[in-house]
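A.B. asks: See input-v3.txt below, with compact mmCIF, C-alpha atoms and all ligand atoms.
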# COMPACT_ATOMS: atom_id res chain seq x y z
CA MET A 203 -76.91 -51.06 18.73
CA LEU A 204 -78.03 -48.92 15.81
CA ASP A 205 -76.19 -45.64 15.65
CA ILE A 206 -79.08 -43.30 16.37
CA ALA A 207 -78.45 -40.12 18.39
CA THR A 208 -80.08 -40.00 21.81
CA ARG A 209 -81.92 -36.84 22.96
CA ASP A 210 -78.90 -35.75 25.02
CA GLU A 211 -76.66 -35.93 21.97
CA ILE A 212 -78.84 -33.69 19.84
CA SER A 213 -77.51 -30.11 19.45
CA PRO A 214 -79.37 -27.27 21.17
CA ALA A 215 -81.93 -25.57 18.87
CA SER A 216 -79.86 -22.37 18.66
CA GLU A 217 -76.91 -24.21 17.10
CA ALA A 218 -76.78 -25.53 13.57
CA PRO A 219 -77.18 -29.32 13.61
CA ALA A 220 -73.80 -31.04 13.44
CA ALA A 221 -73.04 -32.57 10.08
CA PRO A 222 -72.71 -36.34 10.18
CA SER A 223 -69.01 -37.02 10.74
CA GLY A 224 -68.75 -40.18 8.68
CA PRO A 225 -70.60 -43.26 7.53
CA ARG A 226 -73.12 -44.86 9.88
CA PRO A 227 -71.12 -47.86 11.10
CA LEU A 228 -72.23 -51.46 10.93
CA ARG A 229 -72.40 -52.68 14.52
CA ASP A 230 -73.47 -56.00 15.95
CA PRO A 231 -75.22 -56.64 19.28
CA PHE A 232 -71.86 -57.43 20.93
CA GLY A 233 -70.45 -53.97 20.24
CA ARG A 234 -68.24 -55.11 17.38
CA THR A 235 -67.93 -52.81 14.36
CA ILE A 236 -67.62 -54.34 10.90
CA THR A 237 -64.80 -52.73 8.96
CA TYR A 238 -63.71 -55.66 6.83
CA LEU A 239 -65.57 -57.44 4.01
CA ARG A 240 -64.56 -60.65 2.29
CA LEU A 241 -66.34 -60.85 -1.03
CA SER A 242 -66.47 -64.18 -2.86
CA VAL A 243 -66.62 -63.69 -6.63
CA THR A 244 -67.00 -67.32 -7.70
CA ASP A 245 -67.32 -70.83 -6.24
CA ARG A 246 -65.26 -72.27 -9.08
CA CYS A 247 -61.67 -73.37 -8.69
CA ASP A 248 -58.98 -75.17 -10.65
CA LEU A 249 -57.85 -77.05 -7.51
CA ARG A 250 -59.74 -79.33 -5.12
CA CYS A 251 -57.98 -78.91 -1.78
CA THR A 252 -58.85 -81.75 0.57
CA TYR A 253 -59.86 -79.42 3.43
CA CYS A 254 -61.99 -77.10 1.28
CA MET A 255 -64.22 -79.10 -1.07
CA PRO A 256 -65.02 -82.66 -2.19
CA GLU A 257 -63.09 -84.17 -5.07
CA ARG A 258 -66.26 -84.16 -7.18
CA MET A 259 -67.47 -80.73 -6.23
CA ARG A 260 -70.71 -79.70 -7.94
CA PHE A 261 -70.39 -76.05 -8.76
CA LEU A 262 -73.39 -73.73 -8.77
CA PRO A 263 -75.21 -72.88 -11.98
CA LYS A 264 -73.65 -69.74 -13.47
CA ARG A 265 -76.97 -67.91 -13.30
CA ASP A 266 -76.82 -68.13 -9.47
CA LEU A 267 -73.59 -66.14 -9.24
CA LEU A 268 -73.73 -62.40 -8.66
CA SER A 269 -72.92 -60.40 -11.77
CA LEU A 270 -69.88 -58.10 -11.74
CA GLU A 271 -72.27 -55.14 -11.38
CA GLU A 272 -73.98 -56.76 -8.38
CA LEU A 273 -70.62 -57.53 -6.78
CA GLU A 274 -69.65 -53.89 -7.21
CA ALA A 275 -72.96 -52.72 -5.70
CA VAL A 276 -72.40 -54.97 -2.67
CA ALA A 277 -68.88 -53.65 -2.13
CA ASP A 278 -70.09 -50.06 -2.57
CA ALA A 279 -72.81 -50.58 0.05
CA PHE A 280 -70.37 -51.93 2.63
CA ILE A 281 -67.85 -49.17 1.94
CA ARG A 282 -70.61 -46.56 2.41
CA ARG A 283 -71.18 -48.14 5.82
CA GLY A 284 -67.60 -47.90 7.00
CA VAL A 285 -65.86 -50.99 5.64
CA ARG A 286 -62.20 -49.98 5.15
CA ARG A 287 -60.70 -53.25 3.94
CA LEU A 288 -61.98 -55.38 1.11
CA ARG A 289 -60.67 -58.86 0.34
CA ILE A 290 -61.71 -60.53 -2.90
CA THR A 291 -61.88 -64.30 -2.57
CA GLY A 292 -63.65 -67.41 -3.84
CA GLY A 293 -63.36 -70.21 -5.04
CA GLU A 294 -60.39 -69.11 -7.03
CA PRO A 295 -61.04 -65.42 -7.71
CA LEU A 296 -58.69 -65.30 -10.69
CA VAL A 297 -60.86 -67.76 -12.66
CA ARG A 298 -63.69 -65.20 -12.64
CA PRO A 299 -63.66 -63.40 -15.99
CA GLY A 300 -63.49 -59.63 -15.63
CA LEU A 301 -62.05 -59.65 -12.13
CA PRO A 302 -59.16 -57.19 -12.75
CA GLY A 303 -61.72 -54.76 -14.25
CA LEU A 304 -63.95 -55.07 -11.17
CA ILE A 305 -60.99 -54.38 -8.89
CA ALA A 306 -59.96 -51.42 -11.04
CA ARG A 307 -63.48 -49.95 -10.68
CA LEU A 308 -63.51 -50.54 -6.93
CA SER A 309 -60.12 -48.87 -6.60
CA ARG A 310 -61.85 -45.48 -6.94
CA HIS A 311 -62.61 -45.97 -3.23
CA LEU A 312 -58.87 -46.12 -2.55
CA GLY A 313 -58.45 -42.85 -4.41
CA SER A 314 -61.27 -41.20 -2.44
CA GLY A 315 -59.83 -42.41 0.88
CA ALA A 316 -62.99 -44.39 1.72
CA LEU A 317 -61.08 -47.69 1.57
CA ASP A 318 -57.64 -48.51 2.99
CA GLU A 319 -56.93 -51.53 0.81
CA ILE A 320 -58.21 -54.06 -1.69
CA THR A 321 -56.56 -57.45 -1.32
CA LEU A 322 -57.03 -60.87 -2.79
CA THR A 323 -56.73 -64.46 -1.58
CA THR A 324 -55.60 -66.74 -4.38
CA ASN A 325 -54.03 -70.12 -5.03
CA ALA A 326 -51.65 -68.31 -7.45
CA THR A 327 -52.07 -70.78 -10.32
CA GLN A 328 -53.25 -67.98 -12.66
CA LEU A 329 -51.29 -65.20 -11.06
CA ASP A 330 -48.51 -64.97 -13.63
CA ARG A 331 -51.14 -63.79 -16.18
CA HIS A 332 -52.83 -61.32 -13.84
CA ALA A 333 -50.20 -59.92 -11.48
CA GLU A 334 -49.47 -56.77 -13.47
CA ALA A 335 -53.13 -55.93 -14.04
CA LEU A 336 -53.82 -56.42 -10.34
CA ALA A 337 -50.93 -54.15 -9.39
CA ALA A 338 -52.15 -51.54 -11.88
CA ALA A 339 -55.64 -51.76 -10.36
CA GLY A 340 -54.28 -50.85 -6.93
CA VAL A 341 -53.67 -54.24 -5.29
CA ARG A 342 -50.61 -53.90 -3.04
CA ARG A 343 -50.85 -57.13 -1.02
CA ILE A 344 -52.21 -60.59 -1.64
CA ASN A 345 -52.52 -63.81 0.33
CA VAL A 346 -51.47 -66.97 -1.45
CA SER A 347 -52.50 -70.40 -0.20
CA LEU A 348 -49.52 -72.73 -0.33
CA ASP A 349 -49.42 -75.73 1.98
CA SER A 350 -46.14 -77.35 0.98
CA LEU A 351 -43.04 -76.93 -1.19
CA ASN A 352 -42.97 -80.65 -1.82
CA PRO A 353 -44.51 -81.18 -5.29
CA GLU A 354 -46.01 -84.54 -4.29
CA THR A 355 -47.56 -83.22 -1.09
CA TYR A 356 -48.87 -80.18 -2.95
CA ARG A 357 -50.39 -82.40 -5.61
CA ARG A 358 -52.02 -84.66 -3.00
CA VAL A 359 -53.45 -81.83 -0.88
CA THR A 360 -54.75 -79.87 -3.87
CA ARG A 361 -55.85 -83.12 -5.59
CA GLY A 362 -53.84 -82.60 -8.73
CA GLY A 363 -52.27 -79.14 -8.54
CA ASP A 364 -48.87 -78.28 -10.03
CA LEU A 365 -46.63 -76.64 -7.43
CA PHE A 366 -44.53 -74.92 -10.09
CA ARG A 367 -47.52 -73.02 -11.48
CA ALA A 368 -48.19 -71.60 -8.02
CA LEU A 369 -44.51 -70.72 -7.53
CA SER A 370 -44.39 -68.98 -10.87
CA GLY A 371 -47.51 -66.98 -9.90
CA ILE A 372 -45.90 -65.95 -6.63
CA ALA A 373 -42.76 -64.85 -8.49
CA ALA A 374 -44.89 -62.80 -10.90
CA ALA A 375 -46.63 -61.04 -8.02
CA LYS A 376 -43.29 -60.23 -6.44
CA ALA A 377 -41.97 -58.88 -9.75
CA ALA A 378 -45.09 -56.69 -10.07
CA GLY A 379 -44.38 -55.16 -6.66
CA ILE A 380 -47.23 -56.93 -4.83
CA ALA A 381 -46.41 -58.08 -1.29
CA VAL A 382 -47.24 -61.78 -0.82
CA LYS A 383 -48.26 -63.46 2.41
CA LEU A 384 -48.44 -67.23 2.33
CA ASN A 385 -51.23 -69.09 4.11
CA ALA A 386 -50.72 -72.76 4.95
CA VAL A 387 -53.35 -75.00 6.51
CA ALA A 388 -51.62 -77.36 8.95
CA LEU A 389 -52.54 -80.97 8.16
CA LYS A 390 -51.40 -83.74 10.46
CA HIS A 391 -50.64 -86.39 7.86
CA ASP A 392 -49.74 -84.20 4.91
CA ASN A 393 -47.59 -81.15 5.52
CA ALA A 394 -46.57 -81.20 9.20
CA GLU A 395 -43.00 -82.12 8.24
CA ASP A 396 -42.84 -79.55 5.45
CA LEU A 397 -43.75 -76.43 7.45
CA PRO A 398 -40.24 -75.45 8.70
CA GLU A 399 -38.91 -75.54 5.14
CA LEU A 400 -41.91 -73.54 3.91
CA VAL A 401 -41.28 -70.85 6.53
CA GLU A 402 -37.57 -70.71 5.75
CA TRP A 403 -38.11 -70.43 1.99
CA ALA A 404 -40.90 -67.87 2.31
CA HIS A 405 -38.87 -65.60 4.57
CA ALA A 406 -35.84 -65.85 2.30
CA GLU A 407 -38.14 -64.67 -0.53
CA GLY A 408 -39.46 -61.82 1.60
CA HIS A 409 -42.93 -63.32 2.20
CA ALA A 410 -44.66 -63.48 5.59
CA VAL A 411 -46.37 -66.79 6.45
CA THR A 412 -49.52 -67.58 8.41
CA LEU A 413 -50.40 -71.07 9.57
CA ILE A 414 -54.07 -72.00 9.99
CA GLU A 415 -55.82 -74.78 11.90
CA VAL A 416 -58.12 -76.78 9.67
CA MET A 417 -61.76 -75.96 10.40
CA PRO A 418 -64.70 -78.38 10.11
CA THR A 419 -66.54 -76.51 7.37
CA ALA A 420 -68.82 -78.51 5.01
CA GLU A 421 -67.96 -82.13 4.21
CA THR A 422 -65.09 -82.74 1.82
CA GLY A 423 -64.92 -86.52 1.96
CA GLU A 424 -61.98 -86.37 4.38
CA ASP A 425 -61.95 -87.09 8.09
CA ARG A 426 -61.47 -83.66 9.67
CA ARG A 427 -60.42 -85.02 13.01
CA SER A 428 -57.61 -87.02 11.48
CA GLN A 429 -56.53 -83.98 9.41
CA PHE A 430 -56.45 -81.72 12.46
CA LEU A 431 -53.11 -80.61 13.85
CA PRO A 432 -53.16 -78.10 16.74
CA LEU A 433 -50.84 -75.20 16.03
CA LEU A 434 -49.31 -75.48 19.48
CA ALA A 435 -47.69 -78.74 18.29
CA VAL A 436 -46.50 -77.03 15.10
CA ARG A 437 -45.08 -74.17 17.11
CA GLU A 438 -43.18 -76.54 19.38
CA ALA A 439 -41.70 -78.32 16.38
CA LEU A 440 -40.68 -74.99 14.83
CA GLU A 441 -39.01 -74.02 18.11
CA ASP A 442 -36.64 -76.97 17.72
CA ARG A 443 -35.22 -75.11 14.73
CA PHE A 444 -36.03 -71.42 15.19
CA THR A 445 -36.22 -68.79 17.92
CA LEU A 446 -39.75 -67.36 17.89
CA THR A 447 -40.22 -63.96 19.52
CA PRO A 448 -43.88 -62.99 20.13
CA LEU A 449 -44.89 -59.68 18.55
CA ALA A 450 -47.44 -57.42 20.16
CA ALA A 451 -48.61 -56.10 16.79
CA ARG A 452 -52.01 -57.33 15.54
CA THR A 453 -53.52 -56.55 12.16
CA GLY A 454 -57.09 -56.45 13.40
CA GLY A 455 -57.54 -60.07 12.32
CA PRO A 456 -57.41 -63.36 14.20
CA ALA A 457 -53.69 -64.08 13.71
CA ARG A 458 -51.08 -63.79 16.45
CA TYR A 459 -47.57 -63.12 15.22
CA VAL A 460 -44.01 -64.00 16.08
CA ARG A 461 -40.71 -62.95 14.55
CA VAL A 462 -38.47 -65.80 13.47
CA GLU A 463 -35.09 -64.55 14.65
CA GLU A 464 -33.03 -66.71 12.29
CA THR A 465 -34.85 -65.45 9.18
CA GLY A 466 -36.05 -62.03 10.33
CA GLY A 467 -39.48 -62.88 8.89
CA THR A 468 -42.97 -62.81 10.39
CA LEU A 469 -45.00 -65.91 11.18
CA GLY A 470 -48.69 -65.84 12.10
CA PHE A 471 -50.86 -68.42 13.84
CA ILE A 472 -54.64 -68.62 13.31
CA THR A 473 -56.14 -70.96 15.88
CA PRO A 474 -59.92 -71.23 15.48
CA LEU A 475 -60.00 -74.58 17.30
CA THR A 476 -57.55 -74.06 20.13
CA GLU A 477 -57.66 -70.34 20.97
CA ASN A 478 -60.84 -68.47 20.23
CA PHE A 479 -60.55 -64.98 18.76
CA CYS A 480 -64.21 -64.10 18.10
CA ALA A 481 -64.40 -61.26 20.66
CA GLY A 482 -62.41 -59.05 18.30
CA CYS A 483 -64.27 -60.03 15.11
CA ASN A 484 -64.50 -57.14 12.65
CA ARG A 485 -65.63 -58.94 9.50
CA VAL A 486 -68.42 -60.49 7.50
CA ARG A 487 -68.44 -62.34 4.21
CA VAL A 488 -70.66 -62.20 1.15
CA THR A 489 -70.87 -65.43 -0.83
CA CYS A 490 -70.69 -65.57 -4.59
CA THR A 491 -74.49 -65.93 -4.67
CA GLY A 492 -75.12 -62.82 -2.58
CA LYS A 493 -75.66 -64.45 0.81
CA LEU A 494 -74.30 -62.48 3.72
CA ALA A 495 -72.40 -64.93 5.96
CA LEU A 496 -72.25 -63.35 9.39
CA CYS A 497 -69.77 -65.89 10.77
CA LEU A 498 -67.55 -68.46 9.07
CA GLY A 499 -68.57 -71.13 11.58
CA GLN A 500 -72.33 -70.48 11.91
CA GLU A 501 -75.19 -70.60 9.43
CA GLU A 502 -76.71 -67.21 10.29
CA GLY A 503 -76.91 -64.90 7.34
CA ALA A 504 -79.17 -63.04 4.96
CA ASP A 505 -79.90 -63.11 1.26
CA LEU A 506 -78.87 -59.73 -0.17
CA ARG A 507 -80.15 -60.52 -3.66
CA PRO A 508 -83.67 -59.14 -3.29
CA ALA A 509 -82.20 -55.83 -2.13
CA LEU A 510 -79.77 -55.84 -5.06
CA ARG A 511 -82.53 -56.39 -7.59
CA GLY A 512 -84.68 -53.49 -6.41
CA GLY A 513 -84.48 -50.33 -8.51
CA ARG A 514 -82.39 -48.44 -5.91
CA PRO A 515 -80.10 -50.92 -4.19
CA GLY A 516 -78.62 -48.31 -1.81
CA PRO A 517 -81.36 -47.91 0.82
CA ALA A 518 -82.64 -51.49 0.44
CA LEU A 519 -79.17 -52.95 0.95
CA ASP A 520 -78.60 -50.65 3.90
CA ARG A 521 -81.75 -51.92 5.58
CA ALA A 522 -80.84 -55.54 4.82
CA LEU A 523 -77.40 -55.05 6.39
CA ASP A 524 -78.77 -53.38 9.53
CA ASP A 525 -81.35 -56.14 10.01
CA ALA A 526 -78.83 -58.91 9.45
CA LEU A 527 -76.12 -57.47 11.72
CA LEU A 528 -78.51 -57.80 14.65
CA ARG A 529 -78.14 -61.56 14.19
CA LYS A 530 -74.34 -61.82 14.02
CA PRO A 531 -73.43 -64.73 16.30
CA GLU A 532 -71.16 -64.10 19.26
CA ARG A 533 -68.76 -66.87 18.23
CA HIS A 534 -68.22 -69.70 15.80
CA GLY A 535 -69.08 -73.26 16.73
CA PHE A 536 -66.06 -75.09 15.31
CA GLU A 537 -64.91 -76.66 18.59
CA GLU A 538 -68.32 -78.20 19.31
CA ALA A 539 -68.70 -79.47 15.74
CA GLN A 540 -65.22 -80.98 15.79
CA ALA A 541 -65.88 -82.70 19.14
CA GLU A 542 -69.07 -84.20 17.72
CA GLY A 543 -67.39 -85.21 14.46
CA ARG A 544 -69.70 -83.13 12.25
CA ALA A 545 -69.40 -80.13 9.97
CA ALA A 546 -70.12 -76.78 11.66
CA VAL A 547 -71.80 -75.40 8.53
CA GLY A 548 -73.28 -76.68 5.29
CA ARG A 549 -71.39 -74.17 3.14
CA HIS A 550 -68.15 -75.18 1.52
CA MET A 551 -65.28 -72.73 1.93
CA ASN A 552 -65.11 -72.11 -1.80
CA VAL A 553 -68.70 -70.82 -1.74
CA THR A 554 -68.36 -68.73 1.41
CA GLY A 555 -64.95 -67.31 0.59
CA GLY A 556 -62.10 -67.91 3.02
N1 LIG B 601 -58.78 -70.18 -3.80
C1 LIG B 601 -58.20 -69.18 -2.99
C2 LIG B 601 -57.12 -69.74 -2.11
O1 LIG B 601 -57.08 -70.94 -1.91
O2 LIG B 601 -56.34 -68.94 -1.59
C3 LIG B 601 -59.21 -68.41 -2.16
C4 LIG B 601 -60.34 -69.16 -1.54
S1 LIG B 601 -59.89 -70.31 -0.27
C5 LIG B 601 -61.47 -70.93 0.20
C6 LIG B 601 -59.44 -69.19 1.03
C7 LIG B 601 -58.64 -69.76 2.17
O3 LIG B 601 -59.43 -70.67 2.89
C8 LIG B 601 -57.39 -70.51 1.75
O4 LIG B 601 -56.28 -69.93 2.41
C9 LIG B 601 -57.62 -71.90 2.25
O5 LIG B 601 -56.44 -72.50 2.65
C10 LIG B 601 -58.59 -71.68 3.40
N2 LIG B 601 -59.40 -72.83 3.75
C11 LIG B 601 -60.25 -73.51 2.96
N3 LIG B 601 -60.87 -74.50 3.66
C12 LIG B 601 -60.38 -74.43 4.93
C13 LIG B 601 -60.63 -75.16 6.14
N4 LIG B 601 -61.49 -76.17 6.16
N5 LIG B 601 -59.95 -74.82 7.24
C14 LIG B 601 -59.05 -73.80 7.23
N6 LIG B 601 -58.79 -73.05 6.13
C15 LIG B 601 -59.45 -73.37 5.00
FE1 LIG B 602 -59.62 -73.87 -4.49
FE2 LIG B 602 -58.80 -72.23 -2.57
FE3 LIG B 602 -60.54 -74.19 -2.03
FE4 LIG B 602 -58.05 -74.83 -2.62
S1 LIG B 602 -58.71 -73.62 -0.84
S2 LIG B 602 -59.90 -75.79 -3.46
S3 LIG B 602 -57.51 -73.30 -4.06
S4 LIG B 602 -60.92 -72.46 -3.31
Hey, can you dump this file as structure tokens for me?
Ligand code: SAM
Ligand code: SF4
C.D. replies:
Amino acid sequence: MLDIATRDEISPASEAPAAPSGPRPLRDPFGRTITYLRLSVTDRCDLRCTYCMPERMRFLPKRDLLSLEELEAVADAFIRRGVRRLRITGGEPLVRPGLPGLIARLSRHLGSGALDEITLTTNATQLDRHAEALAAAGVRRINVSLDSLNPETYRRVTRGGDLFRALSGIAAAKAAGIAVKLNAVALKHDNAEDLPELVEWAHAEGHAVTLIEVMPTAETGEDRRSQFLPLLAVREALEDRFTLTPLAARTGGPARYVRVEETGGTLGFITPLTENFCAGCNRVRVTCTGKLALCLGQEEGADLRPALRGGRPGPALDRALDDALLRKPERHGFEEAQAEGRAAVGRHMNVTGG
């Protein structure tokens, strides 16, 4: 599926050859075009969410992390190849020193029109210090992970986090003019009861919410099957309280949306376990160590580091991306892994980048 002109497409000799009309797109063998990159800038985090990492997470040696220059070179390479949306993630991206500067440098691609947006996924604990710098660097929207408004539940799920730090970060983002979408992972024994209140509060504050089914990524010391709560059950419980009107609009991602009539706000559902969405996949991830992760729920990938270290990363990275894309899996394997009671992948979410 490489984008090479066939003989029939080549201009007749008498005409000037047509100029290339844009970047050579990144396509996989299933006809999907990659226009979205999630770039993990660190595996480190100040929380230890029970679905993401073990309580005693061993972080990678600092020397294994991509430098800020390497992260920029990776983003540049993807943007040259047609990526239009860039999401910075982690670990907790705001614990990476120099992150606002990296985003400010990457925002030249917003100015040139090569990129539609740079966004961030964050737990918001450091956001009150960084919100203004992020807004100044061109960040217009962020996703904040917030699973409950109950301080005890929040503390238990994050293994020690302070809800009020996250709330103050969210308020700072709002004050800086950054739109906030909340992401909550539905957990059967932790936050199931709290989700209606979370939706109501978020919509009153002007934030959209997306609920996510917990995925069996690498072991965290918790029993995934007992954590798992199908979103159909959550939706039914929400319908006891709210009128949910399905929306046709999609954002190009896996979420399906409804409008909550009583609040006027938008609610998304991401259902990796109960309703597969891989046919429309438009994304890949690069881990904080420079590994291309072709699918969140499969091991296939490629190490981009050798191409980054060569003298001219452009052509080498291009070749590495083309080679790797040929191996993008058709779909994740979360359902099978869950049924067998094992992790689908060996990578923790904080390394891959959610
Ligand atoms: N630290 C940031 C945060 O929490 O927003 C960014 C990184 S975190 C790995 C990205 C997203 O992955 C978060 O929204 C988190 O809730 C989600 N996540 C982590 N582990 C997950 C799992 N096993 N299943 C579903 N979502 C998960
Ligand atoms: Fe940290 Fe985000 Fe993972 Fe929670 S989900 S432990 S905040 S990286």
A.B. asks: So that I can check the surroundings of Val436 in chain A, please list as a ChimeraX atom specification every protein, DNA and RNA residue that reaches within 12 Å of it, counting all atoms listed in the file and ignoring chain neighbours fewer than 2 positions away.
C.D. replies: /A:386-390,393-398,401,412-415,430-434,438-444,469-473
A.B. asks: Excluding range 239-245 of chain A and residues on its chain fewer than 6 positions from it, collect all residues at most 8 Å away from it, counting only C-alpha atoms, and give them as a PyMOL selection string.
C.D. replies: chain A and resi 261-262+267-268+273+277+280+285+287-295+297-298+485-490+552-556
A.B. asks: As a list in words, please: every protein or nucleic acid residue near ligand LIG 602 (chain B) (cut-off 7 Å, counting only C-alpha atoms and all ligand atoms).
C.D. replies: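 Listed by chain and ascending number, the contacts are Cys247, Asp248, Leu249, Arg250, Cys251, Cys254, Met255, Gly292, Gly293, Glu294, Thr324, Asn325, Ser347, Thr360, Met551 and Asn552 of chain A.
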A.B. asks: Output C-alpha atoms for every residue in the selection just made, as a PDB file, keeping the file's coordinate frame.
C.D. replies:
ATOM      1  CA  CYS A 247     -61.670 -73.370  -8.690  1.00  0.00           C
ATOM      2  CA  ASP A 248     -58.980 -75.170 -10.650  1.00  0.00           C
ATOM      3  CA  LEU A 249     -57.850 -77.050  -7.510  1.00  0.00           C
ATOM      4  CA  ARG A 250     -59.740 -79.330  -5.120  1.00  0.00           C
ATOM      5  CA  CYS A 251     -57.980 -78.910  -1.780  1.00  0.00           C
ATOM      6  CA  CYS A 254     -61.990 -77.100   1.280  1.00  0.00           C
ATOM      7  CA  MET A 255     -64.220 -79.100  -1.070  1.00  0.00           C
ATOM      8  CA  GLY A 292     -63.650 -67.410  -3.840  1.00  0.00           C
ATOM      9  CA  GLY A 293     -63.360 -70.210  -5.040  1.00  0.00           C
ATOM     10  CA  GLU A 294     -60.390 -69.110  -7.030  1.00  0.00           C
ATOM     11  CA  THR A 324     -55.600 -66.740  -4.380  1.00  0.00           C
ATOM     12  CA  ASN A 325     -54.030 -70.120  -5.030  1.00  0.00           C
ATOM     13  CA  SER A 347     -52.500 -70.400  -0.200  1.00  0.00           C
ATOM     14  CA  THR A 360     -54.750 -79.870  -3.870  1.00  0.00           C
ATOM     15  CA  MET A 551     -65.280 -72.730   1.930  1.00  0.00           C
ATOM     16  CA  ASN A 552     -65.110 -72.110  -1.800  1.00  0.00           C
TER      17      ASN A 552
END
A.B. asks: Return the padded bounding box of ligand LIG 601 (chain B) as AutoDock Vina command-line options: axis-aligned, built from all atoms listed in the file, 5 Å added on each side, with centre and edge lengths in Å to one decimal.
C.D. replies:
--center_x -58.9 --center_y -72.3 --center_z 1.7 --size_x 15.2 --size_y 17.8 --size_z 21.0
A.B. asks: Do you know which residues are at most 12 Å from range 329-338 of chain A counting only C-alpha atoms, after dropping those on the same chain fewer than 6 positions away, and could you put them as a tab-separated table (two decimals) with C-alpha atoms, in the coordinates of the input?
C.D. replies:
chain	number	residue	atom	x	y	z
A	290	ILE	CA	-61.71	-60.53	-2.90
A	294	GLU	CA	-60.39	-69.11	-7.03
A	295	PRO	CA	-61.04	-65.42	-7.71
A	296	LEU	CA	-58.69	-65.30	-10.69
A	297	VAL	CA	-60.86	-67.76	-12.66
A	298	ARG	CA	-63.69	-65.20	-12.64
A	299	PRO	CA	-63.66	-63.40	-15.99
A	300	GLY	CA	-63.49	-59.63	-15.63
A	301	LEU	CA	-62.05	-59.65	-12.13
A	302	PRO	CA	-59.16	-57.19	-12.75
A	303	GLY	CA	-61.72	-54.76	-14.25
A	304	LEU	CA	-63.95	-55.07	-11.17
A	305	ILE	CA	-60.99	-54.38	-8.89
A	306	ALA	CA	-59.96	-51.42	-11.04
A	307	ARG	CA	-63.48	-49.95	-10.68
A	308	LEU	CA	-63.51	-50.54	-6.93
A	309	SER	CA	-60.12	-48.87	-6.60
A	320	ILE	CA	-58.21	-54.06	-1.69
A	321	THR	CA	-56.56	-57.45	-1.32
A	322	LEU	CA	-57.03	-60.87	-2.79
A	323	THR	CA	-56.73	-64.46	-1.58
A	344	ILE	CA	-52.21	-60.59	-1.64
A	345	ASN	CA	-52.52	-63.81	0.33
A	346	VAL	CA	-51.47	-66.97	-1.45
A	366	PHE	CA	-44.53	-74.92	-10.09
A	367	ARG	CA	-47.52	-73.02	-11.48
A	368	ALA	CA	-48.19	-71.60	-8.02
A	369	LEU	CA	-44.51	-70.72	-7.53
A	370	SER	CA	-44.39	-68.98	-10.87
A	371	GLY	CA	-47.51	-66.98	-9.90
A	372	ILE	CA	-45.90	-65.95	-6.63
A	373	ALA	CA	-42.76	-64.85	-8.49
A	374	ALA	CA	-44.89	-62.80	-10.90
A	375	ALA	CA	-46.63	-61.04	-8.02
A	376	LYS	CA	-43.29	-60.23	-6.44
A	377	ALA	CA	-41.97	-58.88	-9.75
A	378	ALA	CA	-45.09	-56.69	-10.07
A	379	GLY	CA	-44.38	-55.16	-6.66
A	380	ILE	CA	-47.23	-56.93	-4.83
A	381	ALA	CA	-46.41	-58.08	-1.29
A	382	VAL	CA	-47.24	-61.78	-0.82
A.B. asks: Could the residues of range 404-452 of chain A that have an atom at most 9 Å from range 497-516 of chain A be listed as CSV, each with its closest atom pair and the distance in Å to one decimal, counting all atoms listed in the file and ordered by chain and ascending residue number?
C.D. replies:
residue,atom,partner,partner_atom,distance
A:Met417,CA,A:Gly499,CA,8.4
A:Pro418,CA,A:Gly499,CA,8.3
A:Thr419,CA,A:Gly499,CA,7.1
A.B. asks: Let me make sure I understand: among A:Asp349, A:Asp392, A:Glu407, A:Asp278, which one has the smallest atom-to-atom distance to ligand LIG 601 (chain B) if we use only C-alpha atoms and all ligand atoms?
C.D. replies: A:Asp349
A.B. asks: Nearest to ligand LIG 601 (chain B) among A:Val416, A:Ala518, A:Leu365, A:Val359, with distances taken over all atoms listed in the file: which residue is it?
C.D. replies: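 Among A:Val416, A:Ala518, A:Leu365, A:Val359, it is A:Val416 that comes nearest to ligand LIG 601 (chain B).
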A.B. asks: Tell me which of A:Pro263, A:Pro474, A:Gly548, A:Pro448 sits closest to ligand LIG 601 (chain B), counting only C-alpha atoms and all ligand atoms.
C.D. replies: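 Of the candidates, the smallest distance to ligand LIG 601 (chain B) is held by A:Pro474.
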A.B. asks: Given all atoms listed in the file as the basis, pick out the residue of A:Ile236, A:Ala546, A:Leu494, A:Leu228 nearest to Arg426 in chain A.
C.D. replies: A:Ala546
A.B. asks: With distances taken over all atoms listed in the file, which residue among A:Glu464, A:Glu421, A:Glu399, A:Asp364 lies nearest ligand LIG 601 (chain B)?
C.D. replies: A:Glu421
A.B. asks: How many Å separate CA of Gly454 in chain A from CA of Ala541 in chain A?
C.D. replies: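 Pair CA of Gly454 in chain A / CA of Ala541 in chain A returns 28.3 Å.
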A.B. asks: Just the residues within 6 Å of range 530-539 of chain A, please, counting all atoms listed in the file, with nothing from its chain fewer than 3 positions along; format it as a list in words.
C.D. replies: Leu475, Cys480, Leu496, Gly499, Gln500, Leu527, Glu542, Arg544, Ala545 and Ala546 of chain A
